[in-house]
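Colleague: Got a file for you: query.txt, compact mmCIF, C-alpha atoms.
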```txt
# COMPACT_ATOMS: atom_id res chain seq x y z
CA MET A 1085 -10.12 27.33 -1.51
CA THR A 1086 -7.31 28.63 0.67
CA THR A 1087 -4.46 26.60 2.02
CA PRO A 1088 -2.93 27.56 5.33
CA ALA A 1089 0.78 28.15 5.03
CA ALA A 1090 2.96 25.11 5.55
CA PRO A 1091 4.19 24.76 9.13
CA ASN A 1092 7.84 25.07 10.07
CA PRO A 1093 9.47 22.74 7.53
CA ARG A 1094 12.25 21.21 9.63
CA PRO A 1095 10.25 19.20 12.22
CA VAL A 1096 7.78 18.25 9.49
CA LEU A 1097 10.58 16.87 7.36
CA MET A 1098 12.17 15.00 10.28
CA ASP A 1099 8.85 13.48 11.41
CA GLY A 1100 8.04 12.41 7.87
CA LEU A 1101 11.42 10.80 7.31
CA ARG A 1102 11.38 9.05 10.68
CA THR A 1103 7.98 7.61 9.83
CA ALA A 1104 8.93 6.53 6.33
CA TRP A 1105 11.88 4.31 7.29
CA PRO A 1106 10.14 0.91 7.26
CA ILE A 1107 8.82 1.66 3.78
CA CYS A 1108 12.28 2.61 2.57
CA LEU A 1109 13.80 -0.52 4.11
CA GLY A 1110 11.16 -2.64 2.43
CA TYR A 1111 11.54 -0.92 -0.94
CA PHE A 1112 15.27 -1.54 -0.97
CA PRO A 1113 15.25 -5.25 -1.93
CA ILE A 1114 12.19 -4.92 -4.16
CA GLY A 1115 13.56 -1.91 -6.03
CA LEU A 1116 16.90 -3.61 -6.57
CA ALA A 1117 15.19 -6.79 -7.72
CA PHE A 1118 13.12 -4.76 -10.16
CA GLY A 1119 16.26 -3.10 -11.56
CA VAL A 1120 17.92 -6.48 -12.10
CA LEU A 1121 14.86 -7.93 -13.78
CA ALA A 1122 14.16 -4.93 -15.97
CA GLN A 1123 17.74 -4.88 -17.16
CA LYS A 1124 17.54 -8.56 -18.06
CA ALA A 1125 14.40 -7.69 -20.06
CA GLY A 1126 16.49 -5.29 -22.11
CA LEU A 1127 15.66 -1.94 -20.51
CA SER A 1128 18.39 0.62 -19.91
CA ALA A 1129 18.98 2.39 -16.58
CA TRP A 1130 17.37 5.46 -18.16
CA GLU A 1131 14.24 3.63 -19.17
CA ILE A 1132 13.99 1.95 -15.78
CA GLY A 1133 14.35 5.25 -13.93
CA LEU A 1134 11.71 6.83 -16.16
CA MET A 1135 9.27 4.01 -15.52
CA ALA A 1136 9.83 4.12 -11.76
CA SER A 1137 9.32 7.89 -11.60
CA MET A 1138 6.36 8.08 -13.99
CA VAL A 1139 4.45 5.03 -12.82
CA PHE A 1140 5.67 4.50 -9.27
CA ALA A 1141 3.79 1.29 -8.56
CA GLY A 1142 5.85 -1.77 -7.76
CA GLY A 1143 3.40 -4.49 -8.70
CA SER A 1144 2.45 -3.10 -12.09
CA GLN A 1145 6.08 -2.31 -12.93
CA PHE A 1146 6.99 -5.98 -12.48
CA ILE A 1147 4.01 -7.06 -14.55
CA ALA A 1148 4.79 -4.50 -17.28
CA VAL A 1149 8.38 -5.71 -17.58
CA ALA A 1150 7.24 -9.34 -17.79
CA MET A 1151 4.70 -8.41 -20.48
CA LEU A 1152 7.25 -6.33 -22.41
CA GLN A 1153 9.62 -9.26 -22.37
CA ALA A 1154 6.87 -11.49 -23.71
CA GLY A 1155 6.38 -9.01 -26.55
CA ALA A 1156 2.97 -7.71 -25.45
CA PRO A 1157 1.73 -4.51 -27.14
CA ALA A 1158 1.15 -1.30 -25.18
CA VAL A 1159 -2.63 -1.41 -24.81
CA PRO A 1160 -2.88 -4.67 -22.81
CA ILE A 1161 0.03 -3.53 -20.63
CA ILE A 1162 -1.74 -0.24 -19.88
CA ALA A 1163 -5.06 -2.02 -19.25
CA THR A 1164 -3.37 -4.43 -16.83
CA THR A 1165 -1.67 -1.53 -15.04
CA PHE A 1166 -5.05 0.12 -14.64
CA MET A 1167 -6.62 -3.00 -13.14
CA VAL A 1168 -3.72 -3.60 -10.78
CA ASN A 1169 -3.79 -0.04 -9.45
CA LEU A 1170 -7.51 0.43 -9.14
CA ARG A 1171 -7.23 -0.30 -5.41
CA HIS A 1172 -5.61 3.12 -4.96
CA PHE A 1173 -9.02 4.57 -5.70
CA LEU A 1174 -10.25 3.16 -2.40
CA MET A 1175 -7.15 4.30 -0.56
CA SER A 1176 -7.37 7.87 -1.83
CA SER A 1177 -11.08 7.97 -0.93
CA SER A 1178 -10.16 6.93 2.57
CA LEU A 1179 -7.29 9.43 2.77
CA SER A 1180 -9.45 12.30 1.52
CA VAL A 1181 -11.18 12.47 4.92
CA HIS A 1182 -7.87 13.68 6.40
CA LEU A 1183 -7.01 16.09 3.60
CA ARG A 1184 -10.06 18.30 3.79
CA GLY A 1185 -9.41 21.89 2.80
CA SER A 1186 -6.20 21.21 0.90
CA SER A 1187 -5.54 23.14 -2.29
CA GLY A 1188 -5.83 21.47 -5.66
CA ARG A 1189 -2.11 21.74 -6.15
CA PHE A 1190 -1.40 20.03 -2.83
CA LEU A 1191 -3.76 17.19 -3.69
CA ALA A 1192 -2.19 16.75 -7.13
CA LEU A 1193 1.24 16.47 -5.53
CA PHE A 1194 -0.01 14.21 -2.75
CA ALA A 1195 -1.79 11.84 -5.15
CA TYR A 1196 1.46 11.01 -6.90
CA GLY A 1197 2.75 9.30 -3.76
CA VAL A 1198 -0.32 7.28 -2.74
CA THR A 1199 0.79 3.64 -2.50
CA ASP A 1200 -0.21 0.64 -0.40
CA GLU A 1201 2.70 1.40 1.90
CA SER A 1202 2.34 5.17 2.31
CA PHE A 1203 -1.42 4.73 2.69
CA ALA A 1204 -1.01 2.18 5.47
CA VAL A 1205 1.59 4.25 7.33
CA ASN A 1206 -0.26 7.56 7.00
CA MET A 1207 -3.66 6.15 7.98
CA GLY A 1208 -2.08 4.68 11.11
CA ARG A 1209 -0.56 8.03 12.02
CA PHE A 1210 -3.68 10.05 11.20
CA ARG A 1211 -5.65 7.76 13.46
CA ASP A 1212 -3.23 8.23 16.36
CA GLY A 1213 -3.45 11.99 15.99
CA GLY A 1214 -0.58 14.45 15.93
CA TRP A 1215 -0.25 13.91 12.21
CA ASP A 1216 -0.96 16.32 9.39
CA ARG A 1217 -1.00 16.36 5.63
CA TRP A 1218 2.43 17.95 5.31
CA ARG A 1219 4.04 15.14 7.27
CA ALA A 1220 2.04 12.67 5.22
CA LEU A 1221 3.31 14.33 2.05
CA VAL A 1222 6.91 13.89 3.23
CA VAL A 1223 6.26 10.17 3.82
CA ASN A 1224 4.83 9.83 0.30
CA HIS A 1225 7.72 11.50 -1.41
CA ALA A 1226 10.53 10.09 0.70
CA ALA A 1227 9.24 6.62 -0.19
CA ASN A 1228 8.93 7.71 -3.82
CA LEU A 1229 12.52 8.86 -3.99
CA VAL A 1230 13.92 5.73 -2.36
CA TRP A 1231 11.91 3.57 -4.75
CA ILE A 1232 13.21 5.36 -7.84
CA VAL A 1233 16.82 5.33 -6.63
CA CYS A 1234 16.64 1.61 -5.74
CA CYS A 1235 15.13 0.66 -9.11
CA VAL A 1236 17.96 2.42 -10.95
CA ALA A 1237 20.62 1.19 -8.53
CA GLY A 1238 19.43 -2.36 -9.15
CA THR A 1239 20.69 -2.18 -12.72
CA TRP A 1240 24.29 -2.22 -11.52
CA ALA A 1241 24.27 -3.10 -7.79
CA GLY A 1242 21.56 -5.75 -7.81
CA ARG A 1243 23.77 -8.67 -8.70
CA PHE A 1244 26.12 -8.00 -5.76
CA ILE A 1245 23.36 -8.22 -3.14
CA PRO A 1246 22.66 -11.80 -2.04
CA ALA A 1247 18.97 -12.57 -2.46
CA GLY A 1248 17.00 -12.81 0.77
CA ALA A 1249 19.76 -11.62 3.09
CA PHE A 1250 18.59 -11.13 6.69
CA GLY A 1251 14.97 -11.71 5.76
CA ILE A 1252 14.81 -8.20 4.31
CA ASP A 1253 12.29 -9.52 1.77
CA TYR A 1254 9.84 -9.74 4.64
CA ALA A 1255 10.20 -6.11 5.81
CA LEU A 1256 7.08 -4.82 4.02
CA THR A 1257 4.95 -7.80 5.01
CA ALA A 1258 5.92 -7.32 8.66
CA MET A 1259 5.19 -3.61 8.35
CA PHE A 1260 1.71 -4.37 7.00
CA ILE A 1261 1.12 -6.79 9.88
CA CYS A 1262 1.85 -4.08 12.43
CA LEU A 1263 -0.14 -1.41 10.58
CA LEU A 1264 -3.08 -3.78 10.31
CA VAL A 1265 -2.93 -4.35 14.08
CA PHE A 1266 -3.02 -0.56 14.54
CA GLN A 1267 -6.26 -0.43 12.57
CA LEU A 1268 -8.05 -2.99 14.76
CA ARG A 1269 -9.76 -0.59 17.14
CA SER A 1270 -12.69 -2.83 18.04
CA ARG A 1271 -14.09 -6.26 17.36
CA LEU A 1272 -15.93 -4.88 14.33
CA PHE A 1273 -12.67 -3.77 12.71
CA THR A 1274 -11.05 -7.14 13.41
CA LEU A 1275 -14.03 -8.93 11.93
CA THR A 1276 -13.88 -6.73 8.83
CA ALA A 1277 -10.15 -7.35 8.36
CA VAL A 1278 -10.46 -11.13 8.83
CA LEU A 1279 -13.37 -11.28 6.40
CA ALA A 1280 -11.41 -9.21 3.86
CA GLY A 1281 -8.39 -11.48 4.25
CA LEU A 1282 -10.35 -14.70 3.79
CA LEU A 1283 -12.29 -13.36 0.81
CA SER A 1284 -9.19 -11.92 -0.80
CA THR A 1285 -7.31 -15.21 -0.43
CA ALA A 1286 -10.24 -17.21 -1.79
CA LEU A 1287 -10.50 -14.90 -4.82
CA TYR A 1288 -6.74 -14.88 -5.25
CA VAL A 1289 -6.54 -18.65 -5.67
CA THR A 1290 -9.64 -18.94 -7.85
CA LEU A 1291 -9.40 -15.94 -10.21
CA PRO A 1292 -6.48 -14.65 -12.26
CA GLY A 1293 -5.38 -11.03 -11.95
CA THR A 1294 -5.64 -8.74 -8.95
CA VAL A 1295 -9.36 -8.09 -8.52
CA ASN A 1296 -9.17 -9.96 -5.23
CA VAL A 1297 -7.92 -6.97 -3.22
CA VAL A 1298 -10.50 -4.41 -4.35
CA ALA A 1299 -13.42 -6.85 -4.42
CA ALA A 1300 -12.64 -8.28 -0.98
CA ALA A 1301 -12.02 -4.87 0.59
CA ILE A 1302 -15.29 -3.41 -0.71
CA ALA A 1303 -17.29 -6.48 0.29
CA ALA A 1304 -15.77 -6.67 3.78
CA ALA A 1305 -16.09 -2.93 4.49
CA THR A 1306 -19.72 -3.07 3.36
CA ALA A 1307 -20.40 -6.13 5.53
CA GLY A 1308 -18.79 -4.40 8.51
CA PHE A 1309 -20.80 -1.25 7.85
CA TRP A 1310 -24.01 -3.26 7.65
CA LEU A 1311 -23.21 -5.08 10.91
CA ARG A 1312 -22.55 -1.81 12.67
CA ARG A 1313 -25.78 -0.26 11.45
CA ARG A 1314 -27.75 -3.35 12.41
CA GLY A 1315 -26.22 -3.48 15.86
CA ARG A 1316 -27.11 0.14 16.32
CA SER A 1317 -30.72 -0.04 15.21
CA GLY A 1318 -31.49 -3.05 17.42
CA GLY A 1319 -32.41 -2.08 21.00
CA ARG A 1320 -30.32 0.76 22.40
CA ARG A 1321 -28.95 3.45 20.14
CA PRO A 1322 -25.91 4.76 21.95
CA ASP A 1323 -24.52 6.74 19.03
CA ALA A 1324 -27.45 7.30 16.74
CA ASP A 1325 -26.99 10.02 14.14
CA SER A 1326 -28.06 13.29 15.65
CA MET B 1166 17.67 6.78 -25.20
CA PRO B 1167 14.13 5.49 -24.75
CA THR B 1168 12.16 4.99 -27.95
CA ARG B 1169 8.99 6.85 -28.78
CA ASP B 1170 6.91 3.68 -28.32
CA TYR B 1171 8.35 3.16 -24.86
CA LEU B 1172 7.60 6.76 -23.86
CA LEU B 1173 4.02 6.41 -25.08
CA LEU B 1174 3.65 3.21 -23.09
CA LEU B 1175 4.94 4.96 -19.96
CA ALA B 1176 2.63 7.92 -20.53
CA GLY B 1177 -0.32 5.53 -20.70
CA MET B 1178 0.78 3.63 -17.62
CA ALA B 1179 1.39 6.87 -15.73
CA ALA B 1180 -2.08 8.19 -16.59
CA VAL B 1181 -3.94 5.07 -15.49
CA THR B 1182 -1.89 4.89 -12.29
CA TYR B 1183 -2.24 8.53 -11.38
CA LEU B 1184 -5.96 8.93 -12.05
CA PRO B 1185 -7.24 6.46 -9.42
CA ARG B 1186 -4.86 8.07 -6.93
CA TRP B 1187 -5.91 11.62 -7.68
CA LEU B 1188 -9.62 11.53 -8.57
CA PRO B 1189 -11.00 10.62 -5.13
CA LEU B 1190 -8.83 13.28 -3.51
CA ALA B 1191 -9.97 15.92 -5.97
CA LEU B 1192 -13.62 14.90 -5.64
CA LEU B 1193 -13.91 14.18 -1.93
CA ALA B 1194 -11.36 16.30 -0.04
CA GLY B 1195 -13.19 19.55 -0.71
CA ARG B 1196 -16.58 18.64 0.68
CA ARG B 1197 -18.44 17.32 3.68
CA LEU B 1198 -19.20 13.65 3.20
CA PRO B 1199 -22.52 12.10 4.21
CA PRO B 1200 -22.22 10.23 7.54
CA TRP B 1201 -22.78 6.81 5.96
CA LEU B 1202 -19.87 7.33 3.58
CA THR B 1203 -17.53 8.46 6.36
CA GLU B 1204 -18.55 5.43 8.39
CA TRP B 1205 -17.95 3.11 5.46
CA LEU B 1206 -14.60 4.72 4.67
CA GLU B 1207 -13.54 4.23 8.31
CA LEU B 1208 -13.63 0.48 7.74
CA VAL B 1209 -11.75 0.60 4.44
CA PRO B 1210 -8.16 0.70 5.82
CA ALA B 1211 -8.65 -2.43 7.93
CA ALA B 1212 -10.36 -4.13 4.98
CA ILE B 1213 -7.66 -3.21 2.45
CA LEU B 1214 -4.79 -4.18 4.73
CA GLY B 1215 -6.45 -7.52 5.45
CA ALA B 1216 -7.08 -8.08 1.75
CA LEU B 1217 -3.51 -7.22 0.79
CA LEU B 1218 -1.84 -9.16 3.57
CA ALA B 1219 -3.72 -12.45 3.70
CA PRO B 1220 -2.91 -13.78 0.20
CA ALA B 1221 0.72 -12.71 0.62
CA ILE B 1222 1.18 -14.90 3.69
CA LEU B 1223 -1.33 -17.69 3.02
CA ALA B 1224 -0.82 -18.46 -0.66
CA THR B 1225 1.98 -19.12 -3.14
CA GLY B 1226 2.64 -17.10 -6.29
CA GLU B 1227 2.35 -19.05 -9.53
CA PRO B 1228 0.59 -21.46 -9.45
CA ARG B 1229 -1.66 -19.90 -6.83
CA ARG B 1230 -2.32 -22.29 -3.98
CA ILE B 1231 -3.01 -21.97 -0.29
CA ASP B 1232 0.04 -23.20 1.58
CA LEU B 1233 0.22 -22.99 5.35
CA LEU B 1234 3.80 -24.24 5.61
CA ARG B 1235 5.28 -21.19 3.92
CA PRO B 1236 7.92 -19.23 5.81
CA GLU B 1237 5.79 -16.15 5.09
CA PHE B 1238 2.93 -17.65 7.11
CA ILE B 1239 5.09 -19.03 9.93
CA ALA B 1240 6.92 -15.72 10.37
CA ALA B 1241 3.59 -13.92 10.61
CA PHE B 1242 2.88 -15.44 14.05
CA PRO B 1243 5.78 -13.86 15.94
CA ALA B 1244 5.26 -10.64 13.96
CA PHE B 1245 1.56 -10.47 14.93
CA PHE B 1246 2.43 -11.32 18.52
CA VAL B 1247 4.98 -8.51 18.80
CA ALA B 1248 2.68 -6.06 17.01
CA ILE B 1249 -0.20 -6.78 19.40
CA LYS B 1250 1.92 -6.83 22.56
CA SER B 1251 4.34 -3.99 21.91
CA ARG B 1252 2.51 -1.95 19.25
CA SER B 1253 5.97 -1.16 17.95
CA LEU B 1254 6.50 -0.87 14.21
CA ALA B 1255 10.27 -1.25 14.48
CA GLY B 1256 9.93 -4.26 16.78
CA THR B 1257 7.47 -5.92 14.43
CA VAL B 1258 9.57 -5.33 11.33
CA VAL B 1259 12.75 -6.67 12.94
CA THR B 1260 10.94 -9.67 14.47
CA GLY B 1261 9.25 -10.44 11.16
CA MET B 1262 12.50 -10.27 9.20
CA LEU B 1263 14.39 -12.48 11.65
CA SER B 1264 11.58 -15.03 11.92
CA PHE B 1265 11.26 -15.14 8.15
CA TRP B 1266 14.97 -15.63 7.77
CA LEU B 1267 15.00 -18.46 10.31
CA ALA B 1268 11.86 -20.07 8.91
CA LYS B 1269 13.36 -19.99 5.44
CA THR B 1270 16.51 -21.79 6.49
CA TRP B 1271 14.57 -24.46 8.41
CA PHE B 1272 11.69 -25.19 6.05
```
As structure tokens - that is how I would like this structure written.
Modeller:
Amino acid sequence: MTTPAAPNPRPVLMDGLRTAWPICLGYFPIGLAFGVLAQKAGLSAWEIGLMASMVFAGGSQFIAVAMLQAGAPAVPIIATTFMVNLRHFLMSSSLSVHLRGSSGRFLALFAYGVTDESFAVNMGRFRDGGWDRWRALVVNHAANLVWIVCCVAGTWAGRFIPAGAFGIDYALTAMFICLLVFQLRSRLFTLTAVLAGLLSTALYVTLPGTVNVVAAAIAAATAGFWLRRRGRSGGRRPDADS
Amino acid sequence: MPTRDYLLLLAGMAAVTYLPRWLPLALLAGRRLPPWLTEWLELVPAAILGALLAPAILATGEPRRIDLLRPEFIAAFPAFFVAIKSRSLAGTVVTGMLSFWLAKTWF
């Protein structure tokens, strides 16, 4: 497999950074909060920085710290981390469509930065066009870097930042709202998203853990797929597979 | 300095986080996918974003309950409105933050 040479790095870097800003803004309060919490659980700045850079997954980091504090052994913590992050499997599958022809090394580097946030931002940009994997890679790693820095900074700066200032806690939620709207290209997509949301919420309040996201996403995407196929096979076939 | 146990724990966590991120890329990016899989994958982003977002705005943390009077839910209305009307990420983020801030002080 050959990889075409990377394009001129400067505009790629600028585009990537400009696109990553809402993620960075949203990571700021969460990273700081994580630093504060992890320190209270007895972790040093070193250990916190190591966890952020090796694991790089907000949700499971919080859970791991809570479990460590409760004295849980390593194996259940690792198993929980695995369950919590299984949703990235779906995201990477979806991203792979846009990364065709990349080298193994590129993919290995790219994979490290696949998160809910970078996935949502990059899929939106890929869909609009004018986006490529190098710019997407910059988004992944800019967000990565900000996350790691904020987690470590939280160990000393966290207590000086008033909690919830300016509604910054809502930055990521608002970002997801907008990126979801970008994905709603037709009534079928809206239906799929609403179904996923309702299912996910129903599972969230009835089952412990985080299976709700993966289970609801798979079920809703499959239902949407089935609806589309059914609509196509009945009567006219405007875009039948050639 | 981190202890050996802590480093082993991190190595385990890193492995189980990295694998689901990397495997689909390594397996799928190099080949042509069957049309049905591409079509299914097209719907995945909307499904995942809906599945991630809905519980975060509709339900509380622990204990988990549906609660429609949360500032998170109330702030979602102006955020959705701005997102649909303006299709601006910056506008949505700023509107969401401000609405959330206001909703939090009032409710």
Colleague: Could you give me, as a Markdown table, a per-residue list for chain B showing, wherever an atom lies at most 7 Å from an atom of chain A, the closest pair of atoms and their distance in Å to one decimal, using only C-alpha atoms and sorting by chain then residue number from low to high?
Modeller:
```
| residue | atom | partner | partner_atom | distance |
| --- | --- | --- | --- | --- |
| B:Pro1167 | CA | A:Glu1131 | CA | 5.9 |
| B:Leu1174 | CA | A:Ala1158 | CA | 5.6 |
| B:Leu1175 | CA | A:Met1135 | CA | 6.3 |
| B:Gly1177 | CA | A:Ile1162 | CA | 6.0 |
| B:Met1178 | CA | A:Ile1162 | CA | 5.1 |
| B:Ala1179 | CA | A:Val1139 | CA | 4.6 |
| B:Val1181 | CA | A:Phe1166 | CA | 5.1 |
| B:Thr1182 | CA | A:Asn1169 | CA | 6.0 |
| B:Tyr1183 | CA | A:Tyr1196 | CA | 6.3 |
| B:Pro1185 | CA | A:Phe1173 | CA | 4.5 |
| B:Arg1186 | CA | A:Ala1195 | CA | 5.2 |
| B:Trp1187 | CA | A:Ala1195 | CA | 4.8 |
| B:Pro1189 | CA | A:Ser1177 | CA | 5.0 |
| B:Leu1190 | CA | A:Ser1180 | CA | 5.2 |
| B:Ala1191 | CA | A:Leu1191 | CA | 6.7 |
| B:Leu1193 | CA | A:Ser1180 | CA | 5.9 |
| B:Ala1194 | CA | A:Arg1184 | CA | 4.5 |
| B:Gly1195 | CA | A:Arg1184 | CA | 5.6 |
| B:Trp1205 | CA | A:Phe1309 | CA | 5.7 |
| B:Leu1206 | CA | A:Ser1178 | CA | 5.4 |
| B:Leu1208 | CA | A:Ala1305 | CA | 5.3 |
| B:Val1209 | CA | A:Ala1305 | CA | 5.6 |
| B:Ala1211 | CA | A:Ala1277 | CA | 5.2 |
| B:Ala1212 | CA | A:Ala1277 | CA | 4.7 |
| B:Ile1213 | CA | A:Ala1301 | CA | 5.0 |
| B:Leu1214 | CA | A:Leu1264 | CA | 5.8 |
| B:Gly1215 | CA | A:Gly1281 | CA | 4.6 |
| B:Ala1216 | CA | A:Gly1281 | CA | 4.4 |
| B:Leu1217 | CA | A:Val1297 | CA | 6.0 |
| B:Leu1218 | CA | A:Phe1260 | CA | 6.9 |
| B:Ala1219 | CA | A:Gly1281 | CA | 4.8 |
| B:Pro1220 | CA | A:Thr1285 | CA | 4.7 |
| B:Arg1229 | CA | A:Val1289 | CA | 5.2 |
| B:Arg1230 | CA | A:Val1289 | CA | 5.8 |
| B:Ala1244 | CA | A:Ala1258 | CA | 6.3 |
| B:Phe1245 | CA | A:Ile1261 | CA | 6.3 |
| B:Ala1248 | CA | A:Cys1262 | CA | 5.1 |
| B:Ile1249 | CA | A:Val1265 | CA | 6.5 |
| B:Leu1254 | CA | A:Cys1262 | CA | 5.9 |
| B:Thr1257 | CA | A:Ala1258 | CA | 6.1 |
| B:Val1258 | CA | A:Ala1258 | CA | 4.9 |
| B:Gly1261 | CA | A:Ala1258 | CA | 5.2 |
| B:Met1262 | CA | A:Gly1251 | CA | 4.5 |
| B:Leu1263 | CA | A:Gly1251 | CA | 6.0 |
| B:Phe1265 | CA | A:Gly1251 | CA | 5.6 |
| B:Trp1266 | CA | A:Gly1251 | CA | 4.4 |
```
Colleague: Kindly export the residues of the current selection with C-alpha atoms, as an mmCIF file, keeping the file's coordinate frame.
Modeller:
```cif
data_model
loop_
_atom_site.group_PDB
_atom_site.id
_atom_site.type_symbol
_atom_site.label_atom_id
_atom_site.label_comp_id
_atom_site.auth_asym_id
_atom_site.auth_seq_id
_atom_site.Cartn_x
_atom_site.Cartn_y
_atom_site.Cartn_z
ATOM 1 C CA PRO B 1167 14.130 5.490 -24.750
ATOM 2 C CA LEU B 1174 3.650 3.210 -23.090
ATOM 3 C CA LEU B 1175 4.940 4.960 -19.960
ATOM 4 C CA GLY B 1177 -0.320 5.530 -20.700
ATOM 5 C CA MET B 1178 0.780 3.630 -17.620
ATOM 6 C CA ALA B 1179 1.390 6.870 -15.730
ATOM 7 C CA VAL B 1181 -3.940 5.070 -15.490
ATOM 8 C CA THR B 1182 -1.890 4.890 -12.290
ATOM 9 C CA TYR B 1183 -2.240 8.530 -11.380
ATOM 10 C CA PRO B 1185 -7.240 6.460 -9.420
ATOM 11 C CA ARG B 1186 -4.860 8.070 -6.930
ATOM 12 C CA TRP B 1187 -5.910 11.620 -7.680
ATOM 13 C CA PRO B 1189 -11.000 10.620 -5.130
ATOM 14 C CA LEU B 1190 -8.830 13.280 -3.510
ATOM 15 C CA ALA B 1191 -9.970 15.920 -5.970
ATOM 16 C CA LEU B 1193 -13.910 14.180 -1.930
ATOM 17 C CA ALA B 1194 -11.360 16.300 -0.040
ATOM 18 C CA GLY B 1195 -13.190 19.550 -0.710
ATOM 19 C CA TRP B 1205 -17.950 3.110 5.460
ATOM 20 C CA LEU B 1206 -14.600 4.720 4.670
ATOM 21 C CA LEU B 1208 -13.630 0.480 7.740
ATOM 22 C CA VAL B 1209 -11.750 0.600 4.440
ATOM 23 C CA ALA B 1211 -8.650 -2.430 7.930
ATOM 24 C CA ALA B 1212 -10.360 -4.130 4.980
ATOM 25 C CA ILE B 1213 -7.660 -3.210 2.450
ATOM 26 C CA LEU B 1214 -4.790 -4.180 4.730
ATOM 27 C CA GLY B 1215 -6.450 -7.520 5.450
ATOM 28 C CA ALA B 1216 -7.080 -8.080 1.750
ATOM 29 C CA LEU B 1217 -3.510 -7.220 0.790
ATOM 30 C CA LEU B 1218 -1.840 -9.160 3.570
ATOM 31 C CA ALA B 1219 -3.720 -12.450 3.700
ATOM 32 C CA PRO B 1220 -2.910 -13.780 0.200
ATOM 33 C CA ARG B 1229 -1.660 -19.900 -6.830
ATOM 34 C CA ARG B 1230 -2.320 -22.290 -3.980
ATOM 35 C CA ALA B 1244 5.260 -10.640 13.960
ATOM 36 C CA PHE B 1245 1.560 -10.470 14.930
ATOM 37 C CA ALA B 1248 2.680 -6.060 17.010
ATOM 38 C CA ILE B 1249 -0.200 -6.780 19.400
ATOM 39 C CA LEU B 1254 6.500 -0.870 14.210
ATOM 40 C CA THR B 1257 7.470 -5.920 14.430
ATOM 41 C CA VAL B 1258 9.570 -5.330 11.330
ATOM 42 C CA GLY B 1261 9.250 -10.440 11.160
ATOM 43 C CA MET B 1262 12.500 -10.270 9.200
ATOM 44 C CA LEU B 1263 14.390 -12.480 11.650
ATOM 45 C CA PHE B 1265 11.260 -15.140 8.150
ATOM 46 C CA TRP B 1266 14.970 -15.630 7.770
#
```
Colleague: Just give me the gap between CA of Ile1222 (chain B) and CA of Phe1238 (chain B) in Å, one decimal is fine.
Modeller: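 Those two atoms sit 4.7 Å apart.
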Colleague: Quick one: distance from CA of Phe1272 (chain B) to CA of Ala1224 (chain B) in Å, one decimal?
Modeller: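 That distance, rounded to one decimal, is 15.7 Å.
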